[in-house]
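Raw entry.cif, mmCIF, N, CA and C atoms and all ligand atoms:
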```cif
data_start
#
loop_
_atom_site.label_atom_id
_atom_site.label_comp_id
_atom_site.auth_asym_id
_atom_site.auth_seq_id
_atom_site.Cartn_x
_atom_site.Cartn_y
_atom_site.Cartn_z
N MET A 1 8.42 -8.42 -19.93
CA MET A 1 7.37 -8.35 -18.91
C MET A 1 6.50 -7.13 -19.14
N ASP A 2 5.19 -7.28 -18.90
CA ASP A 2 4.27 -6.15 -19.03
C ASP A 2 4.64 -5.06 -18.04
N ARG A 3 4.40 -3.83 -18.45
CA ARG A 3 4.60 -2.70 -17.53
C ARG A 3 3.59 -2.82 -16.39
N PRO A 4 4.04 -2.65 -15.14
CA PRO A 4 3.10 -2.78 -14.03
C PRO A 4 1.98 -1.74 -14.10
N GLN A 5 0.80 -2.16 -13.74
CA GLN A 5 -0.34 -1.25 -13.67
C GLN A 5 -0.57 -0.87 -12.22
N ILE A 6 -0.90 0.39 -11.99
CA ILE A 6 -1.19 0.84 -10.62
C ILE A 6 -2.67 1.19 -10.54
N VAL A 7 -3.36 0.60 -9.56
CA VAL A 7 -4.78 0.88 -9.32
C VAL A 7 -4.89 1.50 -7.94
N ALA A 8 -5.43 2.70 -7.85
CA ALA A 8 -5.63 3.36 -6.55
C ALA A 8 -7.11 3.30 -6.19
N ILE A 9 -7.40 2.80 -5.00
CA ILE A 9 -8.79 2.74 -4.52
C ILE A 9 -8.85 3.67 -3.31
N ALA A 10 -9.48 4.83 -3.51
CA ALA A 10 -9.42 5.87 -2.48
C ALA A 10 -10.75 6.57 -2.34
N ASN A 11 -11.10 6.87 -1.10
CA ASN A 11 -12.29 7.65 -0.80
C ASN A 11 -12.15 8.09 0.65
N GLU A 12 -12.42 9.35 0.91
CA GLU A 12 -12.25 9.83 2.28
C GLU A 12 -13.25 9.19 3.24
N LYS A 13 -14.39 8.81 2.68
CA LYS A 13 -15.45 8.25 3.53
C LYS A 13 -15.10 6.81 3.96
N GLY A 14 -15.41 6.47 5.19
CA GLY A 14 -15.19 5.11 5.66
C GLY A 14 -16.39 4.23 5.34
N GLY A 15 -16.18 2.93 5.31
CA GLY A 15 -17.27 1.99 5.13
C GLY A 15 -17.86 1.93 3.74
N VAL A 16 -17.10 2.37 2.73
CA VAL A 16 -17.62 2.36 1.35
C VAL A 16 -16.99 1.23 0.51
N LEU A 17 -16.41 0.26 1.19
CA LEU A 17 -15.87 -0.96 0.56
C LEU A 17 -14.51 -0.78 -0.12
N LYS A 18 -13.74 0.20 0.30
CA LYS A 18 -12.39 0.35 -0.25
C LYS A 18 -11.56 -0.91 0.02
N THR A 19 -11.50 -1.31 1.28
CA THR A 19 -10.67 -2.47 1.64
C THR A 19 -11.21 -3.74 1.00
N THR A 20 -12.52 -3.91 1.05
CA THR A 20 -13.14 -5.10 0.47
C THR A 20 -12.80 -5.20 -1.02
N THR A 21 -12.96 -4.09 -1.74
CA THR A 21 -12.68 -4.08 -3.18
C THR A 21 -11.21 -4.37 -3.44
N THR A 22 -10.35 -3.71 -2.68
CA THR A 22 -8.90 -3.87 -2.88
C THR A 22 -8.48 -5.33 -2.71
N VAL A 23 -8.92 -5.93 -1.62
CA VAL A 23 -8.48 -7.28 -1.30
C VAL A 23 -9.03 -8.29 -2.30
N HIS A 24 -10.31 -8.17 -2.64
CA HIS A 24 -10.90 -9.12 -3.58
C HIS A 24 -10.31 -8.97 -4.99
N LEU A 25 -10.05 -7.73 -5.39
CA LEU A 25 -9.43 -7.51 -6.70
C LEU A 25 -8.03 -8.13 -6.73
N ALA A 26 -7.28 -7.93 -5.65
CA ALA A 26 -5.92 -8.47 -5.59
C ALA A 26 -5.93 -10.00 -5.65
N ILE A 27 -6.82 -10.61 -4.89
CA ILE A 27 -6.87 -12.08 -4.86
C ILE A 27 -7.31 -12.63 -6.22
N ALA A 28 -8.29 -11.96 -6.85
CA ALA A 28 -8.76 -12.42 -8.17
C ALA A 28 -7.66 -12.30 -9.21
N LEU A 29 -6.94 -11.20 -9.19
CA LEU A 29 -5.84 -11.03 -10.16
C LEU A 29 -4.73 -12.05 -9.89
N GLY A 30 -4.45 -12.29 -8.61
CA GLY A 30 -3.43 -13.28 -8.26
C GLY A 30 -3.80 -14.66 -8.77
N ARG A 31 -5.07 -15.02 -8.66
CA ARG A 31 -5.53 -16.33 -9.14
C ARG A 31 -5.39 -16.45 -10.65
N ARG A 32 -5.45 -15.30 -11.33
CA ARG A 32 -5.29 -15.32 -12.79
C ARG A 32 -3.83 -15.24 -13.21
N GLY A 33 -2.93 -15.34 -12.23
CA GLY A 33 -1.51 -15.40 -12.55
C GLY A 33 -0.80 -14.07 -12.53
N LYS A 34 -1.50 -12.98 -12.18
CA LYS A 34 -0.85 -11.68 -12.07
C LYS A 34 -0.18 -11.57 -10.71
N ARG A 35 1.01 -11.00 -10.68
CA ARG A 35 1.65 -10.71 -9.39
C ARG A 35 1.15 -9.36 -8.92
N VAL A 36 0.63 -9.34 -7.68
CA VAL A 36 -0.04 -8.14 -7.17
C VAL A 36 0.63 -7.70 -5.87
N LEU A 37 0.84 -6.40 -5.75
CA LEU A 37 1.33 -5.82 -4.50
C LEU A 37 0.26 -4.89 -3.95
N VAL A 38 -0.28 -5.22 -2.78
CA VAL A 38 -1.28 -4.37 -2.12
C VAL A 38 -0.55 -3.45 -1.14
N VAL A 39 -0.66 -2.15 -1.38
CA VAL A 39 -0.03 -1.16 -0.49
C VAL A 39 -1.15 -0.48 0.29
N ASP A 40 -1.19 -0.73 1.61
CA ASP A 40 -2.28 -0.20 2.43
C ASP A 40 -1.86 1.13 3.03
N VAL A 41 -2.43 2.22 2.53
CA VAL A 41 -2.08 3.54 3.06
C VAL A 41 -3.22 4.10 3.93
N ASP A 42 -3.96 3.17 4.54
CA ASP A 42 -5.06 3.56 5.40
C ASP A 42 -4.68 3.30 6.86
N PRO A 43 -4.82 4.32 7.75
CA PRO A 43 -4.46 4.09 9.16
C PRO A 43 -5.30 3.01 9.84
N GLN A 44 -6.42 2.61 9.22
CA GLN A 44 -7.22 1.52 9.80
C GLN A 44 -6.52 0.17 9.66
N MET A 45 -5.62 0.05 8.68
CA MET A 45 -4.76 -1.14 8.50
C MET A 45 -5.51 -2.44 8.29
N HIS A 46 -6.71 -2.40 7.76
CA HIS A 46 -7.48 -3.64 7.67
C HIS A 46 -7.01 -4.59 6.58
N ALA A 47 -6.37 -4.06 5.55
CA ALA A 47 -5.95 -4.92 4.43
C ALA A 47 -5.00 -6.01 4.91
N ALA A 48 -4.10 -5.66 5.84
CA ALA A 48 -3.12 -6.65 6.32
C ALA A 48 -3.83 -7.82 7.02
N ARG A 49 -4.89 -7.48 7.75
CA ARG A 49 -5.61 -8.54 8.46
C ARG A 49 -6.29 -9.49 7.46
N TRP A 50 -6.92 -8.90 6.43
CA TRP A 50 -7.57 -9.72 5.39
C TRP A 50 -6.56 -10.64 4.71
N LEU A 51 -5.40 -10.06 4.43
CA LEU A 51 -4.42 -10.79 3.62
C LEU A 51 -3.54 -11.72 4.45
N GLY A 52 -3.65 -11.61 5.79
CA GLY A 52 -2.83 -12.46 6.65
C GLY A 52 -1.37 -12.03 6.68
N ILE A 53 -1.16 -10.71 6.70
CA ILE A 53 0.22 -10.21 6.78
C ILE A 53 0.58 -10.02 8.25
N PRO A 54 1.68 -10.62 8.71
CA PRO A 54 2.07 -10.42 10.11
C PRO A 54 2.44 -8.95 10.36
N PRO A 55 2.15 -8.44 11.57
CA PRO A 55 2.36 -7.02 11.83
C PRO A 55 3.83 -6.63 11.99
N GLU A 56 4.70 -7.62 12.23
CA GLU A 56 6.11 -7.29 12.45
C GLU A 56 6.76 -6.73 11.18
N GLY A 57 7.72 -5.85 11.36
CA GLY A 57 8.48 -5.34 10.22
C GLY A 57 7.98 -3.99 9.76
N PRO A 58 8.67 -3.39 8.77
CA PRO A 58 8.35 -2.04 8.33
C PRO A 58 6.96 -1.94 7.70
N THR A 59 6.27 -0.86 8.02
CA THR A 59 4.97 -0.55 7.40
C THR A 59 5.20 0.51 6.32
N ILE A 60 4.14 0.84 5.60
CA ILE A 60 4.29 1.89 4.58
C ILE A 60 4.66 3.22 5.24
N TYR A 61 4.24 3.42 6.48
CA TYR A 61 4.64 4.63 7.21
C TYR A 61 6.17 4.68 7.37
N ASP A 62 6.76 3.56 7.76
CA ASP A 62 8.21 3.52 7.93
C ASP A 62 8.93 3.79 6.61
N LEU A 63 8.34 3.31 5.50
CA LEU A 63 8.95 3.56 4.19
C LEU A 63 8.84 5.04 3.82
N PHE A 64 7.73 5.66 4.21
CA PHE A 64 7.59 7.10 3.97
C PHE A 64 8.62 7.89 4.79
N VAL A 65 8.85 7.45 6.02
CA VAL A 65 9.81 8.15 6.90
C VAL A 65 11.22 8.08 6.30
N ASP A 66 11.55 6.91 5.75
CA ASP A 66 12.90 6.72 5.22
C ASP A 66 12.81 6.11 3.82
N ALA A 67 12.43 6.96 2.86
CA ALA A 67 12.21 6.46 1.49
C ALA A 67 13.51 5.97 0.85
N ALA A 68 14.65 6.39 1.40
CA ALA A 68 15.93 6.00 0.79
C ALA A 68 16.13 4.48 0.79
N GLN A 69 15.50 3.78 1.75
CA GLN A 69 15.69 2.32 1.82
C GLN A 69 14.94 1.60 0.71
N GLY A 70 14.08 2.32 -0.02
CA GLY A 70 13.32 1.68 -1.08
C GLY A 70 12.13 0.92 -0.53
N ILE A 71 11.43 0.22 -1.41
CA ILE A 71 10.16 -0.40 -1.04
C ILE A 71 10.32 -1.84 -0.54
N GLU A 72 11.43 -2.47 -0.93
CA GLU A 72 11.57 -3.92 -0.68
C GLU A 72 11.43 -4.32 0.78
N PRO A 73 12.00 -3.57 1.76
CA PRO A 73 11.90 -4.03 3.16
C PRO A 73 10.46 -4.15 3.67
N GLY A 74 9.51 -3.47 3.00
CA GLY A 74 8.13 -3.52 3.47
C GLY A 74 7.30 -4.63 2.84
N ILE A 75 7.81 -5.29 1.81
CA ILE A 75 7.00 -6.26 1.07
C ILE A 75 6.94 -7.61 1.80
N ARG A 76 5.71 -8.08 2.02
CA ARG A 76 5.50 -9.35 2.73
C ARG A 76 4.73 -10.33 1.84
N GLN A 77 4.91 -11.60 2.12
CA GLN A 77 4.06 -12.64 1.53
C GLN A 77 2.68 -12.53 2.18
N THR A 78 1.65 -12.88 1.46
CA THR A 78 0.32 -13.02 2.07
C THR A 78 -0.06 -14.50 2.00
N ARG A 79 -1.27 -14.82 2.47
CA ARG A 79 -1.68 -16.23 2.38
C ARG A 79 -2.35 -16.53 1.05
N PHE A 80 -2.27 -15.59 0.08
CA PHE A 80 -2.89 -15.79 -1.22
C PHE A 80 -1.82 -15.85 -2.32
N GLN A 81 -2.08 -16.74 -3.27
CA GLN A 81 -1.15 -16.97 -4.36
C GLN A 81 -0.90 -15.67 -5.16
N ASN A 82 0.35 -15.35 -5.39
CA ASN A 82 0.77 -14.20 -6.21
C ASN A 82 0.44 -12.84 -5.59
N VAL A 83 -0.05 -12.83 -4.37
CA VAL A 83 -0.42 -11.55 -3.74
C VAL A 83 0.58 -11.23 -2.63
N PHE A 84 1.17 -10.04 -2.73
CA PHE A 84 2.11 -9.55 -1.73
C PHE A 84 1.52 -8.28 -1.12
N GLY A 85 2.03 -7.88 0.02
CA GLY A 85 1.42 -6.72 0.66
C GLY A 85 2.41 -5.90 1.46
N ILE A 86 2.11 -4.60 1.58
CA ILE A 86 2.82 -3.72 2.50
C ILE A 86 1.77 -3.19 3.46
N PRO A 87 1.90 -3.48 4.77
CA PRO A 87 0.85 -3.08 5.70
C PRO A 87 0.81 -1.58 5.96
N GLY A 88 -0.40 -1.13 6.34
CA GLY A 88 -0.56 0.24 6.79
C GLY A 88 -0.13 0.38 8.24
N SER A 89 -0.37 1.57 8.80
CA SER A 89 0.03 1.86 10.17
C SER A 89 -0.91 2.88 10.77
N ARG A 90 -1.17 2.75 12.07
CA ARG A 90 -1.97 3.78 12.73
C ARG A 90 -1.32 5.14 12.62
N LEU A 91 0.01 5.15 12.49
CA LEU A 91 0.75 6.42 12.42
C LEU A 91 0.48 7.18 11.13
N LEU A 92 -0.19 6.53 10.15
CA LEU A 92 -0.46 7.22 8.88
C LEU A 92 -1.34 8.45 9.08
N GLY A 93 -2.05 8.52 10.21
CA GLY A 93 -2.85 9.71 10.49
C GLY A 93 -1.99 10.95 10.56
N ASP A 94 -0.70 10.74 10.79
CA ASP A 94 0.25 11.85 10.93
C ASP A 94 1.17 11.96 9.71
N VAL A 95 0.78 11.32 8.61
CA VAL A 95 1.71 11.18 7.49
C VAL A 95 2.01 12.51 6.79
N ASP A 96 1.06 13.45 6.85
CA ASP A 96 1.30 14.75 6.21
C ASP A 96 2.56 15.42 6.77
N ARG A 97 2.74 15.28 8.08
CA ARG A 97 3.91 15.91 8.72
C ARG A 97 5.21 15.27 8.20
N ILE A 98 5.18 13.93 8.01
CA ILE A 98 6.37 13.23 7.50
C ILE A 98 6.64 13.62 6.05
N LEU A 99 5.58 13.61 5.24
CA LEU A 99 5.75 13.89 3.81
C LEU A 99 6.16 15.35 3.58
N ALA A 100 5.82 16.23 4.52
CA ALA A 100 6.20 17.64 4.36
C ALA A 100 7.71 17.81 4.32
N GLY A 101 8.43 16.80 4.80
CA GLY A 101 9.89 16.87 4.77
C GLY A 101 10.48 16.62 3.39
N TYR A 102 9.64 16.20 2.45
CA TYR A 102 10.11 15.94 1.09
C TYR A 102 9.77 17.14 0.20
N SER A 103 10.60 17.38 -0.80
CA SER A 103 10.34 18.54 -1.65
C SER A 103 9.13 18.31 -2.57
N LYS A 104 8.85 17.04 -2.90
CA LYS A 104 7.66 16.73 -3.71
C LYS A 104 6.85 15.65 -2.97
N PRO A 105 6.12 16.04 -1.93
CA PRO A 105 5.44 15.04 -1.07
C PRO A 105 4.52 14.11 -1.83
N VAL A 106 3.79 14.61 -2.82
CA VAL A 106 2.81 13.74 -3.49
C VAL A 106 3.50 12.68 -4.35
N ALA A 107 4.80 12.83 -4.58
CA ALA A 107 5.50 11.87 -5.45
C ALA A 107 6.18 10.75 -4.68
N VAL A 108 6.11 10.78 -3.35
CA VAL A 108 6.89 9.80 -2.58
C VAL A 108 6.44 8.37 -2.85
N LEU A 109 5.12 8.12 -2.86
CA LEU A 109 4.64 6.76 -3.12
C LEU A 109 4.98 6.34 -4.54
N ALA A 110 4.81 7.24 -5.50
CA ALA A 110 5.17 6.93 -6.89
C ALA A 110 6.66 6.61 -6.98
N TRP A 111 7.45 7.35 -6.24
CA TRP A 111 8.90 7.13 -6.25
C TRP A 111 9.21 5.74 -5.69
N LEU A 112 8.56 5.39 -4.59
CA LEU A 112 8.78 4.07 -3.99
C LEU A 112 8.37 2.95 -4.94
N LEU A 113 7.32 3.19 -5.72
CA LEU A 113 6.84 2.18 -6.65
C LEU A 113 7.63 2.19 -7.97
N GLY A 114 8.63 3.03 -8.03
CA GLY A 114 9.48 3.07 -9.21
C GLY A 114 8.86 3.81 -10.38
N ARG A 115 7.83 4.60 -10.11
CA ARG A 115 7.14 5.31 -11.19
C ARG A 115 7.49 6.78 -11.26
N TYR A 116 8.49 7.17 -10.47
CA TYR A 116 8.92 8.56 -10.49
C TYR A 116 10.43 8.55 -10.67
N PRO A 117 10.96 9.38 -11.58
CA PRO A 117 12.39 9.30 -11.87
C PRO A 117 13.25 9.40 -10.61
N ARG A 118 14.18 8.48 -10.49
CA ARG A 118 15.09 8.51 -9.34
C ARG A 118 16.25 9.40 -9.70
N THR A 119 16.45 10.40 -8.89
CA THR A 119 17.47 11.42 -9.21
C THR A 119 18.77 11.18 -8.47
N GLY A 120 18.84 10.08 -7.73
CA GLY A 120 20.04 9.81 -6.95
C GLY A 120 19.90 10.30 -5.53
N SER A 121 18.83 11.03 -5.23
CA SER A 121 18.58 11.45 -3.86
C SER A 121 17.13 11.04 -3.53
N THR A 122 16.75 11.22 -2.31
CA THR A 122 15.35 10.89 -1.96
C THR A 122 14.58 12.15 -1.61
N THR A 123 14.91 13.23 -2.29
CA THR A 123 14.15 14.45 -2.03
C THR A 123 12.78 14.39 -2.71
N CYS A 124 12.61 13.41 -3.64
CA CYS A 124 11.35 13.17 -4.32
C CYS A 124 10.71 14.46 -4.83
N1 LIG A 201 -21.10 -7.57 -0.21
C1 LIG A 201 -21.21 -6.88 0.93
N2 LIG A 201 -22.42 -6.49 1.36
C2 LIG A 201 -22.55 -5.78 2.50
N3 LIG A 201 -21.53 -5.44 3.31
C3 LIG A 201 -20.30 -5.80 2.92
C4 LIG A 201 -20.07 -6.52 1.72
N4 LIG A 201 -18.74 -6.72 1.58
C5 LIG A 201 -18.18 -6.16 2.68
N5 LIG A 201 -19.09 -5.60 3.48
C6 LIG A 201 -18.84 -4.90 4.76
O1 LIG A 201 -18.83 -3.48 4.58
C7 LIG A 201 -18.04 -2.89 5.61
C8 LIG A 201 -17.15 -1.78 5.07
O2 LIG A 201 -16.27 -2.32 4.10
P1 LIG A 201 -14.73 -1.85 4.01
O3 LIG A 201 -14.20 -2.46 2.75
O4 LIG A 201 -14.03 -2.16 5.29
O5 LIG A 201 -14.86 -0.27 3.85
P2 LIG A 201 -13.72 0.84 3.80
O6 LIG A 201 -12.40 0.16 3.57
O7 LIG A 201 -14.13 1.75 2.67
O8 LIG A 201 -13.77 1.54 5.13
C9 LIG A 201 -17.23 -4.01 6.25
O9 LIG A 201 -17.76 -4.24 7.53
C10 LIG A 201 -17.45 -5.19 5.33
O10 LIG A 201 -17.45 -6.41 6.04
MG MG A 202 -10.71 0.13 4.86
#
```

Could I get this file's structure written as structure tokens?
Amino acid sequence: MDRPQIVAIANEKGGVLKTTTTVHLAIALGRRGKRVLVVDVDPQMHAARWLGIPPEGPTIYDLFVDAAQGIEPGIRQTRFQNVFGIPGSRLLGDVDRILAGYSKPVAVLAWLLGRYPRTGSTTC
């Protein structure tokens, strides 16, 4: 299997088409047979609405709070072929305080995505 590629679409400014680009790119890649996981780390949480992800269950915020559980509990089916998603949360506005509890806060998402060496603990 090909090594997974990670694409980050980020900009502090709102209304610059981050969500639009993310969702359309994911759907297009899914149609071409790529398996895509959309991780919404925006407190606006709009990606889940576009993708038809039900709000019930763990969000990316919950995974940040308890990274030891891994990423799987947050992964949902969407209404698009080959596209899966992890919804955002309004609580992400407070995520700095949660991530401050980790020794390497910037590595937590990479760790959840399996791109950061797992040391047997979740100190990241
Ligand atoms: N092709 C387009 N032309 C003009 N407006 C668009 C187009 N595609 C999307 N929009 C609108 O632009 C607005 C901002 O897009 P969005 O992706 O939500 O921005 P962000 O995620 O960066 O805040 C939305 O209201 C969206 O409906
Ligand atoms: Mg957005």

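Around the coordinate (0.0, -3.4, -6.4), residues that reach within 10 Å when counting only C-alpha atoms are Pro4, Gln5, Ile6, Val7, Ala8, Thr22, Ala26, Arg35, Val36, Leu37, Val38, Val39, Asp40, Val83, Phe84, Gly85, Ile86 and Leu113 of chain A.
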
One decimal, Å: what's the distance from atom CA of A:Leu29 over to atom CA of A:Arg90, could you say?
27.5 Å

Can you tell me which residues sit at most 6 Å away from ligand MG 202 (chain A), counting only C-alpha atoms and all ligand atoms, written as a PyMOL selection string?
chain A and resi 18-19+46

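Residues of protein, DNA or RNA having any atom at most 6 Å from ligand LIG 201 (chain A), counting only N, CA and C atoms and all ligand atoms, are A:Lys13, A:Gly14, A:Gly15, A:Val16, A:Leu17, A:Lys18, A:Thr19, A:Thr20, A:Thr21.
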
How many Å lie between atom CA of A:Asp94 and atom C of A:Phe64, rounded to one decimal?
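Calculated distance between atom CA of A:Asp94 and atom C of A:Phe64 is 11.1 Å.
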
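The gap separating atom CA of A:Asp62 from atom C of A:Ser89 is 9.6 Å, in Å to one decimal.
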
With only C-alpha atoms as the counted atoms, please give the residues lying no more than 10 Å from A:Leu91, apart from itself and same-chain residues fewer than 5 positions off, as a VMD selection string.
chain A and resid 42 to 44 59 to 62

Next, the residues of the selection above should be written as an mmCIF file, in the coordinates of the input with N, CA and C atoms.
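The resulting file, part09.cif, is reproduced below:
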```cif
data_model
loop_
_atom_site.group_PDB
_atom_site.id
_atom_site.type_symbol
_atom_site.label_atom_id
_atom_site.label_comp_id
_atom_site.auth_asym_id
_atom_site.auth_seq_id
_atom_site.Cartn_x
_atom_site.Cartn_y
_atom_site.Cartn_z
ATOM 1 N N ASP A 42 -3.960 3.170 4.540
ATOM 2 C CA ASP A 42 -5.060 3.560 5.400
ATOM 3 C C ASP A 42 -4.680 3.300 6.860
ATOM 4 N N PRO A 43 -4.820 4.320 7.750
ATOM 5 C CA PRO A 43 -4.460 4.090 9.160
ATOM 6 C C PRO A 43 -5.300 3.010 9.840
ATOM 7 N N GLN A 44 -6.420 2.610 9.220
ATOM 8 C CA GLN A 44 -7.220 1.520 9.800
ATOM 9 C C GLN A 44 -6.520 0.170 9.660
ATOM 10 N N THR A 59 6.270 -0.860 8.020
ATOM 11 C CA THR A 59 4.970 -0.550 7.400
ATOM 12 C C THR A 59 5.200 0.510 6.320
ATOM 13 N N ILE A 60 4.140 0.840 5.600
ATOM 14 C CA ILE A 60 4.290 1.890 4.580
ATOM 15 C C ILE A 60 4.660 3.220 5.240
ATOM 16 N N TYR A 61 4.240 3.420 6.480
ATOM 17 C CA TYR A 61 4.640 4.630 7.210
ATOM 18 C C TYR A 61 6.170 4.680 7.370
ATOM 19 N N ASP A 62 6.760 3.560 7.760
ATOM 20 C CA ASP A 62 8.210 3.520 7.930
ATOM 21 C C ASP A 62 8.930 3.790 6.610
#
```

Using only N, CA and C atoms, which of A:Ile71, A:Ala28, A:Val65, A:Val41 sits nearest A:Gly93?
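Checking each of A:Ile71, A:Ala28, A:Val65, A:Val41 against A:Gly93, counting only N, CA and C atoms, the winner is A:Val41.
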
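Proximity of A:Ala10, A:Arg3, A:Gly88, A:Ala67 to A:Lys34, computed with only C-alpha atoms, is greatest for A:Arg3.
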
Using DSSP on the backbone coordinates, identify all residues within stretch 3-121 of chain A classified as strand (DSSP E); present the result as a list in words.
Val36, Leu37, Val38, Val39, Arg76, Gln77, Val83, Phe84, Gly85 and Ile86 of chain A

Give me a file of those residues, with N, CA and C atoms, as a short mmCIF file (atom, residue, chain, number, x, y, z; two decimals), in the frame of the given file.
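Below you can see out30.cif, which holds the result:
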```cif
data_model
loop_
_atom_site.label_atom_id
_atom_site.label_comp_id
_atom_site.auth_asym_id
_atom_site.auth_seq_id
_atom_site.Cartn_x
_atom_site.Cartn_y
_atom_site.Cartn_z
N VAL A 36 0.63 -9.34 -7.68
CA VAL A 36 -0.04 -8.14 -7.17
C VAL A 36 0.63 -7.70 -5.87
N LEU A 37 0.84 -6.40 -5.75
CA LEU A 37 1.33 -5.82 -4.50
C LEU A 37 0.26 -4.89 -3.95
N VAL A 38 -0.28 -5.22 -2.78
CA VAL A 38 -1.28 -4.37 -2.12
C VAL A 38 -0.55 -3.45 -1.14
N VAL A 39 -0.66 -2.15 -1.38
CA VAL A 39 -0.03 -1.16 -0.49
C VAL A 39 -1.15 -0.48 0.29
N ARG A 76 5.71 -8.08 2.02
CA ARG A 76 5.50 -9.35 2.73
C ARG A 76 4.73 -10.33 1.84
N GLN A 77 4.91 -11.60 2.12
CA GLN A 77 4.06 -12.64 1.53
C GLN A 77 2.68 -12.53 2.18
N VAL A 83 -0.05 -12.83 -4.37
CA VAL A 83 -0.42 -11.55 -3.74
C VAL A 83 0.58 -11.23 -2.63
N PHE A 84 1.17 -10.04 -2.73
CA PHE A 84 2.11 -9.55 -1.73
C PHE A 84 1.52 -8.28 -1.12
N GLY A 85 2.03 -7.88 0.02
CA GLY A 85 1.42 -6.72 0.66
C GLY A 85 2.41 -5.90 1.46
N ILE A 86 2.11 -4.60 1.58
CA ILE A 86 2.82 -3.72 2.50
C ILE A 86 1.77 -3.19 3.46
#
```

Have a look at A:Gly70, A:Phe80, A:Val106, A:Pro54 and name the one nearest to A:Arg31; count all atoms listed in the file.
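With all atoms listed in the file as the atom set, the closest residue is A:Phe80.
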
Among chain A, which ones does DSSP assign to alpha helix (DSSP H) (computed from the backbone)? Answer as a PyMOL selection string.
chain A and resi 18-31+46-51+60-65+95-99+108-112

Of A:Ile27, A:Pro87, A:Pro73, A:Ile9, the one sitting nearest A:Met45 when using only N, CA and C atoms is A:Pro87
